[in-house]
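final.pdb, holding PDB, C-alpha atoms, pLDDT in the B column:
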```pdb
ATOM      1  CA  MET P 215      37.414 125.951 152.435  1.00 47.00           C
ATOM      2  CA  SER P 216      38.424 123.676 149.549  1.00 45.00           C
ATOM      3  CA  ALA P 217      38.845 126.717 147.297  1.00 45.00           C
ATOM      4  CA  ALA P 218      41.512 128.053 149.678  1.00 45.00           C
ATOM      5  CA  SER P 219      43.363 124.736 149.695  1.00 42.00           C
ATOM      6  CA  ASP P 220      43.164 124.569 145.876  1.00 41.00           C
ATOM      7  CA  GLU P 221      44.563 128.101 145.683  1.00 40.00           C
ATOM      8  CA  GLN P 222      47.385 127.188 148.086  1.00 41.00           C
ATOM      9  CA  SER P 223      48.333 124.070 146.078  1.00 41.00           C
ATOM     10  CA  THR P 224      48.287 126.114 142.860  1.00 40.00           C
ATOM     11  CA  LYS P 225      50.640 128.682 144.427  1.00 40.00           C
ATOM     12  CA  SER P 226      53.072 125.999 145.609  1.00 40.00           C
ATOM     13  CA  GLU P 227      53.066 124.296 142.190  1.00 42.00           C
ATOM     14  CA  GLY P 228      53.737 127.658 140.528  1.00 43.00           C
ATOM     15  CA  ALA P 229      56.665 128.303 142.873  1.00 44.00           C
ATOM     16  CA  ARG P 230      58.237 124.956 141.948  1.00 48.00           C
ATOM     17  CA  ALA P 231      57.781 125.641 138.215  1.00 49.00           C
ATOM     18  CA  ARG P 232      59.507 129.032 138.484  1.00 51.00           C
ATOM     19  CA  PRO P 233      63.163 128.939 137.391  1.00 53.00           C
ATOM     20  CA  ALA P 234      65.879 129.248 140.031  1.00 53.00           C
ATOM     21  CA  GLY P 235      66.500 132.888 140.730  1.00 59.00           C
ATOM     22  CA  GLY P 236      63.730 133.887 138.327  1.00 72.00           C
ATOM     23  CA  ASP P 237      66.034 133.607 135.280  1.00 79.00           C
ATOM     24  CA  PRO P 238      65.714 130.641 132.899  1.00 85.00           C
ATOM     25  CA  ARG P 239      69.416 130.972 131.976  1.00 85.00           C
ATOM     26  CA  LEU P 240      70.392 130.543 135.616  1.00 84.00           C
ATOM     27  CA  ASP P 241      68.068 127.550 135.825  1.00 84.00           C
ATOM     28  CA  ALA P 242      69.777 126.005 132.763  1.00 84.00           C
ATOM     29  CA  LEU P 243      73.199 126.414 134.378  1.00 83.00           C
ATOM     30  CA  VAL P 244      71.980 124.963 137.690  1.00 82.00           C
ATOM     31  CA  ARG P 245      70.587 121.902 135.847  1.00 84.00           C
ATOM     32  CA  ARG P 246      74.112 121.215 134.517  1.00 83.00           C
ATOM     33  CA  LEU P 247      75.520 120.921 138.038  1.00 79.00           C
ATOM     34  CA  PRO P 248      75.894 117.562 139.796  1.00 85.00           C
ATOM     35  CA  PRO P 249      72.582 116.653 141.499  1.00 88.00           C
ATOM     36  CA  ARG P 250      73.744 117.251 145.074  1.00 89.00           C
ATOM     37  CA  LEU P 251      75.229 120.650 144.255  1.00 81.00           C
ATOM     38  CA  ALA P 252      72.204 121.585 142.139  1.00 84.00           C
ATOM     39  CA  GLY P 253      69.929 120.856 145.110  1.00 88.00           C
ATOM     40  CA  THR P 254      72.029 123.091 147.345  1.00 87.00           C
ATOM     41  CA  VAL P 255      71.990 125.920 144.799  1.00 84.00           C
ATOM     42  CA  ASP P 256      68.218 125.557 144.335  1.00 86.00           C
ATOM     43  CA  TYR P 257      67.799 125.818 148.112  1.00 89.00           C
ATOM     44  CA  LEU P 258      69.991 128.927 148.296  1.00 88.00           C
ATOM     45  CA  LEU P 259      68.077 130.595 145.456  1.00 87.00           C
ATOM     46  CA  GLN P 260      64.698 130.196 147.153  1.00 89.00           C
ATOM     47  CA  PRO P 261      63.293 133.477 148.489  1.00 88.00           C
ATOM     48  CA  SER P 262      62.979 131.959 151.992  1.00 90.00           C
ATOM     49  CA  SER P 263      66.755 131.303 152.082  1.00 89.00           C
ATOM     50  CA  ARG P 264      67.665 134.991 151.962  1.00 91.00           C
ATOM     51  CA  TRP P 265      69.178 135.011 155.462  1.00 93.00           C
ATOM     52  CA  ILE P 266      71.499 132.148 154.520  1.00 93.00           C
ATOM     53  CA  ARG P 267      72.249 133.425 151.001  1.00 92.00           C
ATOM     54  CA  ILE P 268      73.436 136.929 151.951  1.00 93.00           C
ATOM     55  CA  PRO P 269      76.042 135.895 154.578  1.00 94.00           C
ATOM     56  CA  SER P 270      77.172 132.977 152.401  1.00 90.00           C
ATOM     57  CA  GLY P 271      77.655 135.283 149.422  1.00 90.00           C
ATOM     58  CA  ALA P 272      79.522 137.842 151.530  1.00 94.00           C
ATOM     59  CA  LEU P 273      81.823 135.166 152.981  1.00 92.00           C
ATOM     60  CA  LEU P 274      82.541 133.783 149.509  1.00 87.00           C
ATOM     61  CA  VAL P 275      83.423 137.274 148.239  1.00 91.00           C
ATOM     62  CA  VAL P 276      85.797 137.797 151.180  1.00 93.00           C
ATOM     63  CA  GLY P 277      87.310 134.360 150.535  1.00 89.00           C
ATOM     64  CA  GLY P 278      87.791 135.273 146.877  1.00 88.00           C
ATOM     65  CA  VAL P 279      89.557 138.510 147.801  1.00 90.00           C
ATOM     66  CA  LEU P 280      91.834 136.526 150.122  1.00 90.00           C
ATOM     67  CA  SER P 281      92.575 133.970 147.390  1.00 84.00           C
ATOM     68  CA  PHE P 282      96.322 134.275 147.951  1.00 83.00           C
ATOM     69  CA  LEU P 283      95.863 132.251 151.172  1.00 82.00           C
ATOM     70  CA  PRO P 284      95.890 128.431 151.088  1.00 83.00           C
ATOM     71  CA  VAL P 285      92.500 126.695 150.656  1.00 79.00           C
ATOM     72  CA  LEU P 286      90.773 129.884 149.497  1.00 81.00           C
ATOM     73  CA  GLY P 287      90.543 130.540 145.785  1.00 84.00           C
ATOM     74  CA  ILE P 288      89.500 133.077 143.194  1.00 86.00           C
ATOM     75  CA  TRP P 289      86.597 130.763 142.291  1.00 81.00           C
ATOM     76  CA  MET P 290      84.863 131.989 145.446  1.00 85.00           C
ATOM     77  CA  LEU P 291      84.515 135.565 144.158  1.00 86.00           C
ATOM     78  CA  PRO P 292      82.122 134.982 141.213  1.00 84.00           C
ATOM     79  CA  LEU P 293      80.140 132.439 143.208  1.00 83.00           C
ATOM     80  CA  GLY P 294      79.665 134.924 146.056  1.00 86.00           C
ATOM     81  CA  LEU P 295      78.696 137.698 143.649  1.00 88.00           C
ATOM     82  CA  ALA P 296      76.176 135.401 141.952  1.00 86.00           C
ATOM     83  CA  LEU P 297      74.535 134.642 145.310  1.00 87.00           C
ATOM     84  CA  LEU P 298      74.461 138.302 146.284  1.00 91.00           C
ATOM     85  CA  ALA P 299      72.941 139.227 142.894  1.00 90.00           C
ATOM     86  CA  GLU P 300      69.649 137.721 144.056  1.00 89.00           C
ATOM     87  CA  ASP P 301      69.276 140.480 146.650  1.00 90.00           C
ATOM     88  CA  VAL P 302      71.304 143.417 145.268  1.00 88.00           C
ATOM     89  CA  PRO P 303      69.730 145.041 142.177  1.00 87.00           C
ATOM     90  CA  ALA P 304      73.038 146.547 140.971  1.00 88.00           C
ATOM     91  CA  LEU P 305      74.589 143.066 140.842  1.00 89.00           C
ATOM     92  CA  ARG P 306      71.541 141.687 139.022  1.00 87.00           C
ATOM     93  CA  ALA P 307      72.349 143.888 136.030  1.00 87.00           C
ATOM     94  CA  SER P 308      75.904 142.538 135.958  1.00 88.00           C
ATOM     95  CA  ARG P 309      74.622 138.970 136.226  1.00 88.00           C
ATOM     96  CA  SER P 310      72.316 139.619 133.292  1.00 88.00           C
ATOM     97  CA  LYS P 311      75.263 140.925 131.233  1.00 90.00           C
ATOM     98  CA  ALA P 312      77.261 137.807 132.136  1.00 89.00           C
ATOM     99  CA  PHE P 313      74.357 135.606 130.997  1.00 88.00           C
ATOM    100  CA  ASP P 314      74.169 137.585 127.735  1.00 90.00           C
ATOM    101  CA  TRP P 315      77.890 136.897 127.203  1.00 91.00           C
ATOM    102  CA  ILE P 316      77.364 133.190 127.916  1.00 88.00           C
ATOM    103  CA  GLU P 317      74.498 133.074 125.396  1.00 89.00           C
ATOM    104  CA  ARG P 318      76.733 134.610 122.713  1.00 93.00           C
ATOM    105  CA  ARG P 319      80.051 132.864 123.437  1.00 92.00           C
ATOM    106  CA  LYS P 320      79.140 129.562 125.127  1.00 87.00           C
ATOM    107  CA  PRO P 321      75.577 128.698 124.052  1.00 88.00           C
ATOM    108  CA  HIS P 322      76.186 124.985 124.707  1.00 87.00           C
ATOM    109  CA  TRP P 323      76.322 125.799 128.438  1.00 84.00           C
ATOM    110  CA  LEU P 324      72.611 126.670 128.269  1.00 83.00           C
ATOM    111  CA  ASP P 325      71.612 123.734 126.036  1.00 82.00           C
ATOM    112  CA  PRO P 326      68.932 121.746 127.916  1.00 70.00           C
ATOM    113  CA  SER P 327      69.537 118.638 125.794  1.00 69.00           C
ATOM    114  CA  ASP P 328      73.134 118.307 127.085  1.00 62.00           C
ATOM    115  CA  PRO P 329      72.900 118.043 130.901  1.00 57.00           C
ATOM    116  CA  LYS P 330      76.161 117.381 132.764  1.00 57.00           C
ATOM    117  CA  ASN P 331      74.369 115.634 135.664  1.00 52.00           C
ATOM    118  CA  ASP P 332      74.757 112.195 134.059  1.00 50.00           C
ATOM    119  CA  GLU P 333      78.548 112.340 133.718  1.00 49.00           C
ATOM    120  CA  THR P 334      80.872 111.236 136.492  1.00 44.00           C
TER     121      THR P 334
END
```
Just give me the structure of the file as structure tokens.
Amino acid sequence: MSAASDEQSTKSEGARARPAGGDPRLDALVRRLPPRLAGTVDYLLQPSSRWIRIPSGALLVVGGVLSFLPVLGIWMLPLGLALLAEDVPALRASRSKAFDWIERRKPHWLDPSDPKNDET
């Protein structure tokens, strides 16, 4: 019985050590967010949050398309696509290409020694 509990605790520790979304580059970008927002993004990227992530991503994409209306903005489109990329394989390839571009053009965004969480 203790072997099963040890196995369960090992699985839960491994899940916490896994980067957000399974991509260390995404995890590096999430760590640069303010703590409250980073916690929300970590929650949305968990596999158990799929039923919240998909509608949220779809609503953000629709809000981005309707960016000409007040309150809505074009910023919603990439955020929605990033959330949907967790569950849509075709979008995952595009997200990977975007991360490759970030690594080439903006490597300081992925620098773990320069977190933005401490700035106000």
Can you pull out every residue within 12 Å of Leu293 (chain P), counting all atoms listed in the file, but drop anything in the same chain fewer than 2 positions away, and send it as a list in words? Val255, Leu258, Arg267, Ile268, Ser270, Gly271, Ala272, Leu273, Leu274, Val275, Val276, Gly277, Gly278, Gly287, Ile288, Trp289, Met290, Leu291, Leu295, Ala296, Leu297, Leu298, Ala299, Glu300 and Arg309 of chain P
Grab the residues selected above and save them as a short mmCIF file (atom, residue, chain, number, x, y, z; two decimals), keeping the file's coordinate frame with C-alpha atoms.
```
data_model
loop_
_atom_site.label_atom_id
_atom_site.label_comp_id
_atom_site.auth_asym_id
_atom_site.auth_seq_id
_atom_site.Cartn_x
_atom_site.Cartn_y
_atom_site.Cartn_z
CA VAL P 255 71.99 125.92 144.80
CA LEU P 258 69.99 128.93 148.30
CA ARG P 267 72.25 133.43 151.00
CA ILE P 268 73.44 136.93 151.95
CA SER P 270 77.17 132.98 152.40
CA GLY P 271 77.66 135.28 149.42
CA ALA P 272 79.52 137.84 151.53
CA LEU P 273 81.82 135.17 152.98
CA LEU P 274 82.54 133.78 149.51
CA VAL P 275 83.42 137.27 148.24
CA VAL P 276 85.80 137.80 151.18
CA GLY P 277 87.31 134.36 150.54
CA GLY P 278 87.79 135.27 146.88
CA GLY P 287 90.54 130.54 145.78
CA ILE P 288 89.50 133.08 143.19
CA TRP P 289 86.60 130.76 142.29
CA MET P 290 84.86 131.99 145.45
CA LEU P 291 84.52 135.56 144.16
CA LEU P 295 78.70 137.70 143.65
CA ALA P 296 76.18 135.40 141.95
CA LEU P 297 74.54 134.64 145.31
CA LEU P 298 74.46 138.30 146.28
CA ALA P 299 72.94 139.23 142.89
CA GLU P 300 69.65 137.72 144.06
CA ARG P 309 74.62 138.97 136.23
#
```
As an exercise, work out the distance from CA of Ser263 (chain P) to CA of Leu305 (chain P) in Å and give it to one decimal place. 18.1 Å
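With distances taken over all atoms listed in the file, P:Pro292 is the one residue among P:Pro292, P:Thr254, P:Leu286, P:Pro248 lying closest to Ala312 (chain P).
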So what do you get for CA of Glu317 (chain P) versus CA of Val302 (chain P), distance-wise?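 The value is 22.6 Å.
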So which residues get picked by the PyMOL selection byres ((chain P and resi 235-240) around 9) here, written as JSON, numbers by chain? {"P": [232, 233, 234, 241, 242, 243, 244, 245, 256, 259, 260, 261, 300, 310, 313, 317, 324]}
So which one's closest to Asp325 (chain P), P:Ala252, P:Arg264, P:Ser281, P:Arg246? Using all atoms listed in the file, please.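 Result for the nearest residue to Asp325 (chain P): P:Arg246.
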Could you check how far CA of Gly294 (chain P) sits from CA of Pro269 (chain P), in Å to one decimal?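 CA of Gly294 (chain P) sits 9.3 Å away from CA of Pro269 (chain P).
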Taking every listed atom of region 279-288 of chain P and adding 6 Å to each side, what centre and edge lengths in Å (one decimal) does the axis-aligned box have, as JSON?
```
{"center_x": 92.9, "center_y": 132.6, "center_z": 147.2, "size_x": 18.8, "size_y": 23.8, "size_z": 20.0}
```
